[in-house]
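*Asks:* Starting off with a structure, shown below.
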Amino acid sequence: MKKPPRAHLLKYAIGAIVIIGIVSTGFVLVKKSGNVQNSRKADKDAVSAKTQDQEIKIPSSSSLIKEAKAMPVYGHWRNFTTKDGLLNDHVYTVRIVGDSVLAGTHDGLAVYSKGRWHTYTTKDGLAHNGVVSIDYSKTTGDVWIGTLGGLNRWSGGKFETFNQFNSGMPNDLVYCVYCDGKDIWVATGGGAGHYDTFSKQWEIFTEQNAPMHEPWTYGVSTGNGKAYIAAWGGGVIEYNLKTRKFRDYTDPDGFMEIDLQPDDGVIHDITTATTYSDSILWVSTYFGLSRYDGKNWRGYFDMNSGLASNFINFVRAVGPVVFICCDNGLSSTDGKSWVTYKKNDNNSDGKAIIKNFGRKDENNTDTLTTVLPLSPSIAHNFIIGVDADENYLWVATEKGVSCGERLR
Amino acid sequence: MKLRFRILLCSLLLISVSHVYGQEKQVNYGNIPDELVAYDKYQRAYKYHFLTPIEFYGAGREIPAPKDLKEIRIGFLGPLEGSPISSLGKQMLQGSMLAIEEANKKGGYHGIPYKLMVHTDVGLWGAAANEVVKMDDEKVWAWLGTIDDNNSHVAIRATLKLEIPNMNTGDPDPTFTETNIPWVVRVIPDDRQSGYALVDYIFNKMGHTRVAVIRANNRYGRVGILHFTRSATRIGFPIVIEERFMDGETDFKDRLQRIKATSPDAIVIWGNARESALILQQVRELGMKQPVFGSDRMVNPEFLKIAGKLADGVVTTCQYNPDSDDPKLKTFKSNYIKRFGQEPDVFAAHAYDGMNILIAAIEKAGLNRVLIRDVLTDMKTFQGYEGVTGKVVFDATWNNVRPIFMAEVRNGKFIFSPAPRFEKEDKIYKKPKSGYQY
């Protein structure tokens with residue numbers, strides 16, 4: 001039987017309204033590859049357990065952890081805020097130093113030791129209360145602290161300050177400090193700097209003596225006899241520590257608004273951090289992640305990987321795994337498998353999303369995605385800093401510090 | 001019936017698409033003419049950036065406004081002393097001051113006066129970064145600045161770290177908003193727009209084919225001219241020679257001799273007003289009669305004063321029409337002259353608009369930096385904002401891509417007219433096979 005015209009009209013009208021609604025709100029639906037095996041099973045398998053002062057939920061089966069293959073998965077999250085002794089919930093950086101953990105907040109340094117937070121500010125000798133980067137020199141035993149207003153060496157319980165006026169520091173805003181033996185590297189608002197703690201000499205790297213158009217450096221790390229400077233707008237500047245020669249890596253297409261070819265070089269010239277481990281250089285940008293094995297570049301976007309988002313504040317590699325601090329979650333990968341931690345918007349729970357690329361699932365798609373519920377989860381999804389050791393993952397977020405325990 | 005309904009459905013869809021993000025007409029990123037989209041004639045890119053505004057997922061929206069404030073602080077960063085562009089910085093400061101003073105006359109923020117925390121960006125390397133840190137220490141709610149490309153970039157990295165909303169009203173560097181920072185908004189149209197307008201005017205409208213460039217040897221010159229030279233090459237007219245000069249130089253004849261030797265049929269100068277005028281003088285002294293074009297910094301009394309009668313016929317661009325009959329602009333000019341005893345320039349006018357937007361954002365959002373940022377970047381509140389310089393048309397990077405103006409010197413005075421849009425059917429442009437649309 002033919003449908004009455006009014007019903008026909010109504011069908012079209014509803015369809016039109018739905019389509020217009022979708023388009024006008026600017027949403028684009030993208031078909032995703034892969035299959036999300038969520039959580040029903042994980043939820044069913046989950047059990048409650050008591051860890052220290054809080055109840056957490058972990059899966060009773062280790063099958064989900066196995067999905068991550070060689071990738072470590074962290075759970076049993078504990079979160080620390082001003083209520084626990086931090087000076088500010090806005091935490092820029094976190095670093096594991098022996099049995100202690102150092103966290104740099106907007107209002108000072110916090111040190112977690114023996115279950116308590118101890119705090120330090122300008123009153124104790126910090127150059128500025130905004131602590132944005134921390135590293136530890138195994139050679140000298142000193143802690144180096146990059147602040148918004150100078151660099152501190154914390155040694156023998158005393159803070160020594162380096163700034164533009166009393167030393168060869170390029171600029172007082174120290175975005176990154178990195179220790180390599182006796183050498184201290186800094187990336188600042190006015191160029192990169194190198195301090196030899198033995199000779200007490202500074203070297204500065206700017207557009208005057210390095211292949212960068214402007215001295216805008218944001219990150220620095222070393223590895224394989226080279227320093228890798230993340231130069232904002234200049235890609236990665238590689239400095240051979242032996243030959244003292246430079247070379248730069250930039251996005252070959254030369255345009256800010258596109259990435260012409262996948263894997264043709266560093267994803268974008270606006271780089272934010274570098275980290276070198278297991279013969280791999282990882283580079284973060286606000287447009288995605290890059291991996292360089294010394295011969296080939298590989299680019300990762302949220303659309304073709306397990307990356308939480310393309311806006312990456314910081315990266316740190318530990319062994320074969322790189323931890324990626326995104327603005328909407330924490331990701332980790334070894335280049336094949338991905339584990340991403342995300343907190344729910346409306347409660348303190350969250351999930352670990354495990355993705356294995358190249359593995360066929362029951363629908364024959366090329367990505368297997370598994371979701372592990374976490375309760376509680378990381379403190380916030382805006383991740384700024386990270387550090388890991390064999391058992392723990394520490395995370396600096398905009399809403400406190402989080403500590404996850406490796407699930408085995 | 002079916003056909004009619006389909007037509008209706010398509011029309012509705014088209015209307016809805018055209019209003020995504022509040023822009024009247026969907027265009028390529030950065031207003032790039034179809035013919036000038038990078039590599040588009042040959043292949044589509046693997047990934048296009050800046051198609052949608054980046055979200056800010058960070059914390060802070062829940063932080064309550066502080067109580068017992070005696071002033072509402074807004075930062076200012078500009079070249080106020082010891083810089084070749086200090087006069088521009090002074091105009092930018094005065095435009096900002098006027099907006100603040102007017103807001104305070106209306107009662108400030110719920111009875112609390114606004115206060116401008118003034119900082120200069122000239123100093124040791126990276127001084128701009130240190131000044132933004134000082135603004136954070138001063139607890140400003142937002143800040144406005146700056147002009148020099150180097151300092152702007154240094155400053156916005158700090159503003160991203162410290163999460164302070166930034167309004168830029170003076171730096172036309174196209175890469176400024178291409179940093180993907182969700183804390184930065186710009187109301188002055190950038191050098192992409194100038195570059196495209198000049199390419200169209202010089203090659204298409206005027207029919208020149210051999211163009212020489214002489215530009216400032218700094219970031220302003222290098223990045224400013226970039227889209228002009230790239231676009232010229234892409235439509236088949238590569239620049240015949242590109243020479244450079246330093247700020248403060250007075251003798252350019254060696255480079256102009258080299259330019260003369262290439263027999264160009266037009267010359268483009270990209271630099272500050274003073275050097276541009278001196279170069280124009282020396283071009284004519286060397287007997288070169290080619291038409292001269294230039295960057296918008298020529299639109300300055302200093303250029304007209306130094307160049308004198310030689311300025312006649314020079315064509316450049318301007319980010320707005322200073323001679324518009326818009327009553328808002330007339331009132332602003334009158335009040336500005338009354339307050340500061342001089343004509344406002346492009347930096348003063350855009351600073352006035354930018355500061356008024358910041359004040360409106362603070363008044364709408366309250367005293368919370370993240371909420372102020374949210375209002376500034378929501379693509380609704382200030383999309384289409386009508387300032388004294390014209391309309392604000394934000395693209396997905398919060399860059400103002402409204403149409404700009406051509407400026408031609410006639411009888412010692414700049415005459416402004418809307419920059420012509422690219423004409424796709426013109427014979428010199430090849431139509432691309434693939435598009436680049438939202």
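Starting from 1 in every chain, residues are counted up; chains themselves are A, B, ... following the order of the structure tokens, and ligands are numbered from 1 as listed.
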Applying 9 Å and only C-alpha atoms, which residues near Phe237 of chain B remain after dropping the ones on its own chain fewer than 2 positions away? List them as a list in words.
*Replies:*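 Surrounding residues, per the criterion: Phe203, His208, Thr209, Arg210, Val211, Thr229, Ser231, Ala232, Thr233, Arg234, Ile235, Ile239 and Val240 of chain B.
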*Asks:* Residues of chain A within 6 Å of chain B, using only C-alpha atoms, as a PyMOL selection string?
*Replies:* chain A and resi 20+24+189-190+257-261+382+398
*Asks:* Please dump the current selection as a PDB file, in the first residue's frame; keep N, CA and C atoms.
*Replies:*
```
ATOM      1  N   ILE A  20      20.773  18.612   8.976  1.00  0.00           N
ATOM      2  CA  ILE A  20      21.140  20.022   9.202  1.00  0.00           C
ATOM      3  C   ILE A  20      21.746  20.190  10.586  1.00  0.00           C
ATOM      4  N   SER A  24      25.364  21.695  10.949  1.00  0.00           N
ATOM      5  CA  SER A  24      25.509  23.031  11.517  1.00  0.00           C
ATOM      6  C   SER A  24      26.281  23.031  12.813  1.00  0.00           C
ATOM      7  N   GLY A 189      63.374  30.449  26.662  1.00  0.00           N
ATOM      8  CA  GLY A 189      62.682  31.397  25.787  1.00  0.00           C
ATOM      9  C   GLY A 189      63.605  32.170  24.878  1.00  0.00           C
ATOM     10  N   GLY A 190      64.916  32.060  25.084  1.00  0.00           N
ATOM     11  CA  GLY A 190      65.866  32.814  24.250  1.00  0.00           C
ATOM     12  C   GLY A 190      66.968  31.945  23.679  1.00  0.00           C
ATOM     13  N   GLU A 257      50.240  24.579   7.145  1.00  0.00           N
ATOM     14  CA  GLU A 257      48.839  24.168   7.181  1.00  0.00           C
ATOM     15  C   GLU A 257      48.597  22.745   6.687  1.00  0.00           C
ATOM     16  N   ILE A 258      49.639  22.058   6.259  1.00  0.00           N
ATOM     17  CA  ILE A 258      49.432  20.696   5.759  1.00  0.00           C
ATOM     18  C   ILE A 258      50.563  19.766   6.196  1.00  0.00           C
ATOM     19  N   ASP A 259      50.281  18.482   6.139  1.00  0.00           N
ATOM     20  CA  ASP A 259      51.340  17.479   6.139  1.00  0.00           C
ATOM     21  C   ASP A 259      51.157  16.743   4.814  1.00  0.00           C
ATOM     22  N   LEU A 260      52.039  17.023   3.869  1.00  0.00           N
ATOM     23  CA  LEU A 260      51.828  16.568   2.496  1.00  0.00           C
ATOM     24  C   LEU A 260      51.877  15.050   2.383  1.00  0.00           C
ATOM     25  N   GLN A 261      52.924  14.467   2.921  1.00  0.00           N
ATOM     26  CA  GLN A 261      53.115  13.020   2.812  1.00  0.00           C
ATOM     27  C   GLN A 261      53.236  12.436   4.211  1.00  0.00           C
ATOM     28  N   PHE A 382      44.338  16.610  30.926  1.00  0.00           N
ATOM     29  CA  PHE A 382      45.339  17.531  30.381  1.00  0.00           C
ATOM     30  C   PHE A 382      46.681  17.188  31.039  1.00  0.00           C
ATOM     31  N   GLU A 398      46.841  18.953  34.994  1.00  0.00           N
ATOM     32  CA  GLU A 398      46.372  20.285  35.400  1.00  0.00           C
ATOM     33  C   GLU A 398      45.531  20.225  36.668  1.00  0.00           C
TER      34      GLU A 398
END
```
*Asks:* May I have the residues within 8 Å of segment 206-214 of chain A as a PDB file with N, CA and C atoms, in the first residue's frame, using only C-alpha atoms and disregarding those fewer than 4 positions away in the same chain?
*Replies:*
```
ATOM      1  N   GLY A 190      64.916  32.060  25.084  1.00  0.00           N
ATOM      2  CA  GLY A 190      65.866  32.814  24.250  1.00  0.00           C
ATOM      3  C   GLY A 190      66.968  31.945  23.679  1.00  0.00           C
ATOM      4  N   GLY A 191      66.724  30.675  23.515  1.00  0.00           N
ATOM      5  CA  GLY A 191      67.727  29.778  22.940  1.00  0.00           C
ATOM      6  C   GLY A 191      68.058  28.617  23.863  1.00  0.00           C
ATOM      7  N   ALA A 192      68.847  27.693  23.334  1.00  0.00           N
ATOM      8  CA  ALA A 192      69.258  26.544  24.144  1.00  0.00           C
ATOM      9  C   ALA A 192      70.602  26.867  24.806  1.00  0.00           C
ATOM     10  N   ALA A 231      63.059  22.949  18.555  1.00  0.00           N
ATOM     11  CA  ALA A 231      63.034  24.387  18.270  1.00  0.00           C
ATOM     12  C   ALA A 231      61.667  24.746  17.693  1.00  0.00           C
ATOM     13  N   GLY A 233      59.112  26.060  15.696  1.00  0.00           N
ATOM     14  CA  GLY A 233      59.174  26.671  14.366  1.00  0.00           C
ATOM     15  C   GLY A 233      60.379  26.221  13.565  1.00  0.00           C
ATOM     16  N   GLY A 234      61.295  25.507  14.219  1.00  0.00           N
ATOM     17  CA  GLY A 234      62.518  25.083  13.533  1.00  0.00           C
ATOM     18  C   GLY A 234      62.710  23.576  13.532  1.00  0.00           C
ATOM     19  N   ILE A 237      66.744  20.351  16.087  1.00  0.00           N
ATOM     20  CA  ILE A 237      68.133  20.674  15.806  1.00  0.00           C
ATOM     21  C   ILE A 237      68.988  19.598  16.462  1.00  0.00           C
ATOM     22  N   PHE A 246      76.061  20.728  13.529  1.00  0.00           N
ATOM     23  CA  PHE A 246      74.598  20.714  13.608  1.00  0.00           C
ATOM     24  C   PHE A 246      73.999  20.103  12.354  1.00  0.00           C
ATOM     25  N   ARG A 247      72.789  19.611  12.513  1.00  0.00           N
ATOM     26  CA  ARG A 247      71.918  19.439  11.366  1.00  0.00           C
ATOM     27  C   ARG A 247      70.483  19.601  11.865  1.00  0.00           C
ATOM     28  N   ASP A 248      69.623  20.002  10.975  1.00  0.00           N
ATOM     29  CA  ASP A 248      68.240  20.209  11.412  1.00  0.00           C
ATOM     30  C   ASP A 248      67.295  19.281  10.659  1.00  0.00           C
TER      31      ASP A 248
ATOM     32  N   ASN B 150      59.234  38.181  16.199  1.00  0.00           N
ATOM     33  CA  ASN B 150      60.064  37.413  17.129  1.00  0.00           C
ATOM     34  C   ASN B 150      59.476  37.449  18.528  1.00  0.00           C
TER      35      ASN B 150
END
```
*Asks:* Near Cys403 of chain A, within 8 Å and counting only C-alpha atoms, which residues show up once chain neighbours fewer than 5 positions away are dropped, as a PyMOL selection string?
*Replies:* chain A and resi 77-79+378+392-395
*Asks:* Check segment 145-255 of chain B with DSSP on the backbone and list each residue it calls helix (DSSP H, G or I), as an mmCIF file with N, CA and C atoms, in the first residue's frame.
*Replies:*
```
data_model
loop_
_atom_site.group_PDB
_atom_site.id
_atom_site.type_symbol
_atom_site.label_atom_id
_atom_site.label_comp_id
_atom_site.auth_asym_id
_atom_site.auth_seq_id
_atom_site.Cartn_x
_atom_site.Cartn_y
_atom_site.Cartn_z
ATOM 1 N N ASP B 149 57.473 40.155 15.187
ATOM 2 C CA ASP B 149 57.166 38.729 15.048
ATOM 3 C C ASP B 149 57.939 37.869 16.050
ATOM 4 N N ASN B 150 59.234 38.181 16.199
ATOM 5 C CA ASN B 150 60.064 37.413 17.129
ATOM 6 C C ASN B 150 59.476 37.449 18.528
ATOM 7 N N ASN B 151 59.172 38.659 18.966
ATOM 8 C CA ASN B 151 58.691 38.817 20.339
ATOM 9 C C ASN B 151 57.302 38.222 20.532
ATOM 10 N N SER B 152 56.472 38.316 19.504
ATOM 11 C CA SER B 152 55.125 37.749 19.610
ATOM 12 C C SER B 152 55.201 36.239 19.815
ATOM 13 N N HIS B 153 56.046 35.598 19.022
ATOM 14 C CA HIS B 153 56.168 34.143 19.133
ATOM 15 C C HIS B 153 56.727 33.738 20.500
ATOM 16 N N VAL B 154 57.756 34.446 20.941
ATOM 17 C CA VAL B 154 58.339 34.141 22.251
ATOM 18 C C VAL B 154 57.275 34.290 23.339
ATOM 19 N N ALA B 155 56.475 35.342 23.202
ATOM 20 C CA ALA B 155 55.479 35.641 24.240
ATOM 21 C C ALA B 155 54.335 34.628 24.252
ATOM 22 N N ILE B 156 53.918 34.158 23.068
ATOM 23 C CA ILE B 156 52.751 33.253 23.104
ATOM 24 C C ILE B 156 53.115 31.857 23.600
ATOM 25 N N ARG B 157 54.386 31.495 23.497
ATOM 26 C CA ARG B 157 54.787 30.220 24.117
ATOM 27 C C ARG B 157 54.633 30.323 25.621
ATOM 28 N N ALA B 158 55.020 31.496 26.162
ATOM 29 C CA ALA B 158 54.867 31.686 27.608
ATOM 30 C C ALA B 158 53.396 31.763 27.991
ATOM 31 N N THR B 159 52.590 32.397 27.141
ATOM 32 C CA THR B 159 51.166 32.539 27.479
ATOM 33 C C THR B 159 50.473 31.180 27.441
ATOM 34 N N LEU B 160 50.939 30.291 26.565
ATOM 35 C CA LEU B 160 50.406 28.931 26.526
ATOM 36 C C LEU B 160 50.748 28.190 27.816
ATOM 37 N N LYS B 161 52.003 28.329 28.246
ATOM 38 C CA LYS B 161 52.440 27.636 29.460
ATOM 39 C C LYS B 161 51.670 28.156 30.681
ATOM 40 N N LEU B 162 51.487 29.477 30.705
ATOM 41 C CA LEU B 162 50.868 30.099 31.876
ATOM 42 C C LEU B 162 49.350 30.220 31.755
ATOM 43 N N PRO B 174 51.933 35.403 9.408
ATOM 44 C CA PRO B 174 50.923 34.350 9.233
ATOM 45 C C PRO B 174 51.126 33.162 10.167
ATOM 46 N N THR B 175 52.374 32.873 10.530
ATOM 47 C CA THR B 175 52.620 31.692 11.365
ATOM 48 C C THR B 175 52.197 31.906 12.818
ATOM 49 N N PHE B 176 51.898 33.140 13.176
ATOM 50 C CA PHE B 176 51.562 33.444 14.567
ATOM 51 C C PHE B 176 50.397 32.593 15.071
ATOM 52 N N THR B 177 49.335 32.544 14.291
ATOM 53 C CA THR B 177 48.185 31.733 14.731
ATOM 54 C C THR B 177 48.283 30.291 14.232
ATOM 55 N N GLU B 178 49.338 29.996 13.484
ATOM 56 C CA GLU B 178 49.511 28.621 12.995
ATOM 57 C C GLU B 178 50.296 27.772 14.000
ATOM 58 N N THR B 179 50.433 28.297 15.198
ATOM 59 C CA THR B 179 51.113 27.564 16.261
ATOM 60 C C THR B 179 50.139 26.654 17.022
ATOM 61 N N ASP B 191 49.688 38.853 6.895
ATOM 62 C CA ASP B 191 50.396 39.086 5.630
ATOM 63 C C ASP B 191 50.035 38.083 4.534
ATOM 64 N N ARG B 192 49.352 37.005 4.887
ATOM 65 C CA ARG B 192 48.823 36.144 3.829
ATOM 66 C C ARG B 192 47.880 36.964 2.956
ATOM 67 N N GLN B 193 47.002 37.702 3.649
ATOM 68 C CA GLN B 193 45.981 38.469 2.923
ATOM 69 C C GLN B 193 46.646 39.523 2.043
ATOM 70 N N SER B 194 47.679 40.189 2.604
ATOM 71 C CA SER B 194 48.400 41.203 1.814
ATOM 72 C C SER B 194 49.087 40.560 0.624
ATOM 73 N N GLY B 195 49.713 39.416 0.866
ATOM 74 C CA GLY B 195 50.446 38.723 -0.191
ATOM 75 C C GLY B 195 49.526 38.323 -1.339
ATOM 76 N N TYR B 196 48.374 37.741 -1.002
ATOM 77 C CA TYR B 196 47.450 37.299 -2.054
ATOM 78 C C TYR B 196 46.894 38.503 -2.834
ATOM 79 N N ALA B 197 46.570 39.580 -2.084
ATOM 80 C CA ALA B 197 46.013 40.768 -2.755
ATOM 81 C C ALA B 197 47.051 41.376 -3.700
ATOM 82 N N LEU B 198 48.307 41.431 -3.259
ATOM 83 C CA LEU B 198 49.349 42.014 -4.112
ATOM 84 C C LEU B 198 49.651 41.141 -5.325
ATOM 85 N N VAL B 199 49.650 39.834 -5.123
ATOM 86 C CA VAL B 199 49.872 38.923 -6.256
ATOM 87 C C VAL B 199 48.794 39.157 -7.308
ATOM 88 N N ASP B 200 47.567 39.230 -6.842
ATOM 89 C CA ASP B 200 46.465 39.428 -7.776
ATOM 90 C C ASP B 200 46.589 40.770 -8.490
ATOM 91 N N TYR B 201 46.898 41.789 -7.710
ATOM 92 C CA TYR B 201 46.962 43.140 -8.280
ATOM 93 C C TYR B 201 48.132 43.267 -9.263
ATOM 94 N N ILE B 202 49.307 42.798 -8.842
ATOM 95 C CA ILE B 202 50.521 43.031 -9.635
ATOM 96 C C ILE B 202 50.532 42.177 -10.909
ATOM 97 N N PHE B 203 50.230 40.895 -10.770
ATOM 98 C CA PHE B 203 50.365 39.998 -11.927
ATOM 99 C C PHE B 203 49.093 39.943 -12.771
ATOM 100 N N ASN B 204 47.966 39.922 -12.075
ATOM 101 C CA ASN B 204 46.715 39.744 -12.806
ATOM 102 C C ASN B 204 46.181 41.076 -13.325
ATOM 103 N N LYS B 205 45.970 42.014 -12.400
ATOM 104 C CA LYS B 205 45.365 43.283 -12.822
ATOM 105 C C LYS B 205 46.337 44.151 -13.623
ATOM 106 N N ARG B 219 62.611 38.711 10.580
ATOM 107 C CA ARG B 219 61.468 37.807 10.441
ATOM 108 C C ARG B 219 60.287 38.492 9.746
ATOM 109 N N TYR B 220 60.097 39.787 10.042
ATOM 110 C CA TYR B 220 58.987 40.493 9.400
ATOM 111 C C TYR B 220 59.144 40.450 7.870
ATOM 112 N N GLY B 221 60.356 40.703 7.393
ATOM 113 C CA GLY B 221 60.584 40.698 5.958
ATOM 114 C C GLY B 221 60.536 39.299 5.370
ATOM 115 N N ARG B 222 61.142 38.350 6.069
ATOM 116 C CA ARG B 222 61.249 36.985 5.542
ATOM 117 C C ARG B 222 59.890 36.287 5.474
ATOM 118 N N VAL B 223 59.163 36.351 6.595
ATOM 119 C CA VAL B 223 57.883 35.633 6.643
ATOM 120 C C VAL B 223 56.783 36.443 5.954
ATOM 121 N N GLY B 224 56.892 37.773 6.048
ATOM 122 C CA GLY B 224 55.867 38.626 5.455
ATOM 123 C C GLY B 224 55.771 38.464 3.950
ATOM 124 N N ILE B 225 56.913 38.395 3.284
ATOM 125 C CA ILE B 225 56.927 38.326 1.826
ATOM 126 C C ILE B 225 56.707 36.901 1.319
ATOM 127 N N LEU B 226 56.791 35.940 2.239
ATOM 128 C CA LEU B 226 56.826 34.529 1.837
ATOM 129 C C LEU B 226 55.634 34.118 0.972
ATOM 130 N N HIS B 227 54.438 34.471 1.410
ATOM 131 C CA HIS B 227 53.269 34.021 0.654
ATOM 132 C C HIS B 227 53.143 34.765 -0.676
ATOM 133 N N PHE B 228 53.688 35.978 -0.731
ATOM 134 C CA PHE B 228 53.703 36.694 -2.013
ATOM 135 C C PHE B 228 54.616 35.974 -3.003
ATOM 136 N N THR B 229 55.835 35.678 -2.575
ATOM 137 C CA THR B 229 56.800 35.077 -3.516
ATOM 138 C C THR B 229 56.383 33.655 -3.900
ATOM 139 N N ARG B 230 55.910 32.893 -2.923
ATOM 140 C CA ARG B 230 55.467 31.524 -3.224
ATOM 141 C C ARG B 230 54.293 31.535 -4.192
ATOM 142 N N SER B 231 53.359 32.439 -3.951
ATOM 143 C CA SER B 231 52.167 32.490 -4.792
ATOM 144 C C SER B 231 52.523 32.947 -6.200
ATOM 145 N N ALA B 232 53.436 33.900 -6.287
ATOM 146 C CA ALA B 232 53.872 34.370 -7.608
ATOM 147 C C ALA B 232 54.470 33.214 -8.402
ATOM 148 N N THR B 233 55.285 32.433 -7.729
ATOM 149 C CA THR B 233 55.893 31.279 -8.389
ATOM 150 C C THR B 233 54.819 30.297 -8.837
ATOM 151 N N ARG B 234 53.838 30.067 -7.968
ATOM 152 C CA ARG B 234 52.832 29.059 -8.250
ATOM 153 C C ARG B 234 51.968 29.420 -9.468
ATOM 154 N N LYS B 253 71.910 51.379 -2.500
ATOM 155 C CA LYS B 253 72.157 51.450 -3.943
ATOM 156 C C LYS B 253 72.846 50.212 -4.509
ATOM 157 N N ASP B 254 73.712 49.568 -3.712
ATOM 158 C CA ASP B 254 74.382 48.372 -4.242
ATOM 159 C C ASP B 254 73.356 47.293 -4.596
ATOM 160 N N ARG B 255 72.374 47.108 -3.734
ATOM 161 C CA ARG B 255 71.359 46.099 -4.004
ATOM 162 C C ARG B 255 70.399 46.552 -5.109
#
```
*Asks:* For the strand (DSSP E or B) assignment from backbone DSSP, which residues of segment 60-121 of chain B qualify? Please present them as a VMD selection string.
*Replies:* chain B and resid 72 to 78 109 112 114 to 120
*Asks:* What does the file look like for those residues with N, CA and C atoms, as a compact mmCIF listing (two decimals), in the first residue's frame?
*Replies:*
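Saved as result_35.txt:
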```
# COMPACT_ATOMS: atom_id res chain seq x y z
N ILE B 72 41.10 45.63 37.98
CA ILE B 72 41.05 44.49 37.07
C ILE B 72 42.19 44.68 36.08
N ARG B 73 43.20 43.85 36.21
CA ARG B 73 44.42 44.07 35.45
C ARG B 73 44.41 43.39 34.09
N ILE B 74 44.80 44.15 33.10
CA ILE B 74 44.99 43.62 31.75
C ILE B 74 46.40 44.00 31.32
N GLY B 75 47.13 43.04 30.81
CA GLY B 75 48.52 43.28 30.43
C GLY B 75 48.64 43.93 29.05
N PHE B 76 49.75 44.60 28.85
CA PHE B 76 50.09 45.17 27.54
C PHE B 76 51.56 44.90 27.29
N LEU B 77 51.86 44.42 26.09
CA LEU B 77 53.26 44.18 25.72
C LEU B 77 53.50 44.79 24.34
N GLY B 78 54.50 45.67 24.28
CA GLY B 78 54.77 46.30 22.99
C GLY B 78 56.15 46.92 22.95
N TYR B 109 34.64 47.23 35.66
CA TYR B 109 34.08 45.89 35.83
C TYR B 109 33.28 45.87 37.14
N ILE B 112 34.66 48.19 39.51
CA ILE B 112 36.11 48.11 39.76
C ILE B 112 36.83 48.56 38.50
N TYR B 114 39.45 49.09 35.45
CA TYR B 114 40.47 48.32 34.73
C TYR B 114 41.80 49.05 34.84
N LYS B 115 42.88 48.26 34.89
CA LYS B 115 44.21 48.88 34.91
C LYS B 115 45.09 48.17 33.90
N LEU B 116 45.76 48.98 33.08
CA LEU B 116 46.66 48.42 32.08
C LEU B 116 48.04 48.23 32.69
N MET B 117 48.55 47.00 32.65
CA MET B 117 49.89 46.71 33.18
C MET B 117 50.84 46.71 31.98
N VAL B 118 51.59 47.79 31.87
CA VAL B 118 52.35 48.04 30.64
C VAL B 118 53.75 47.43 30.71
N HIS B 119 54.10 46.67 29.68
CA HIS B 119 55.42 46.04 29.59
C HIS B 119 56.01 46.31 28.21
N THR B 120 57.32 46.47 28.16
CA THR B 120 57.98 46.63 26.87
C THR B 120 58.69 45.33 26.51
```
*Asks:* With only C-alpha atoms as the counted atoms, please give the residues lying no more than 10 Å from segment 302-306 of chain A, apart from itself and same-chain residues fewer than 2 positions off, as a PyMOL selection string.
*Replies:* (chain A and resi 30+32-33+287-289+299-300+308-311+331-333+335-340+353-357+367+369) or (chain B and resi 47)
*Asks:* Nearest residue to Tyr218 of chain A out of A:Lys242, A:Thr119, A:Val283, A:Ala379, using only C-alpha atoms?
*Replies:*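 That would be A:Val283, the residue with the smallest distance to Tyr218 of chain A.
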*Asks:* Tell me, in Å to one decimal, how far atom CA of Asp99 of chain A is from atom CA of Ala70 of chain A.
*Replies:*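 Computed distance, atom CA of Asp99 of chain A to atom CA of Ala70 of chain A, equals 25.4 Å.
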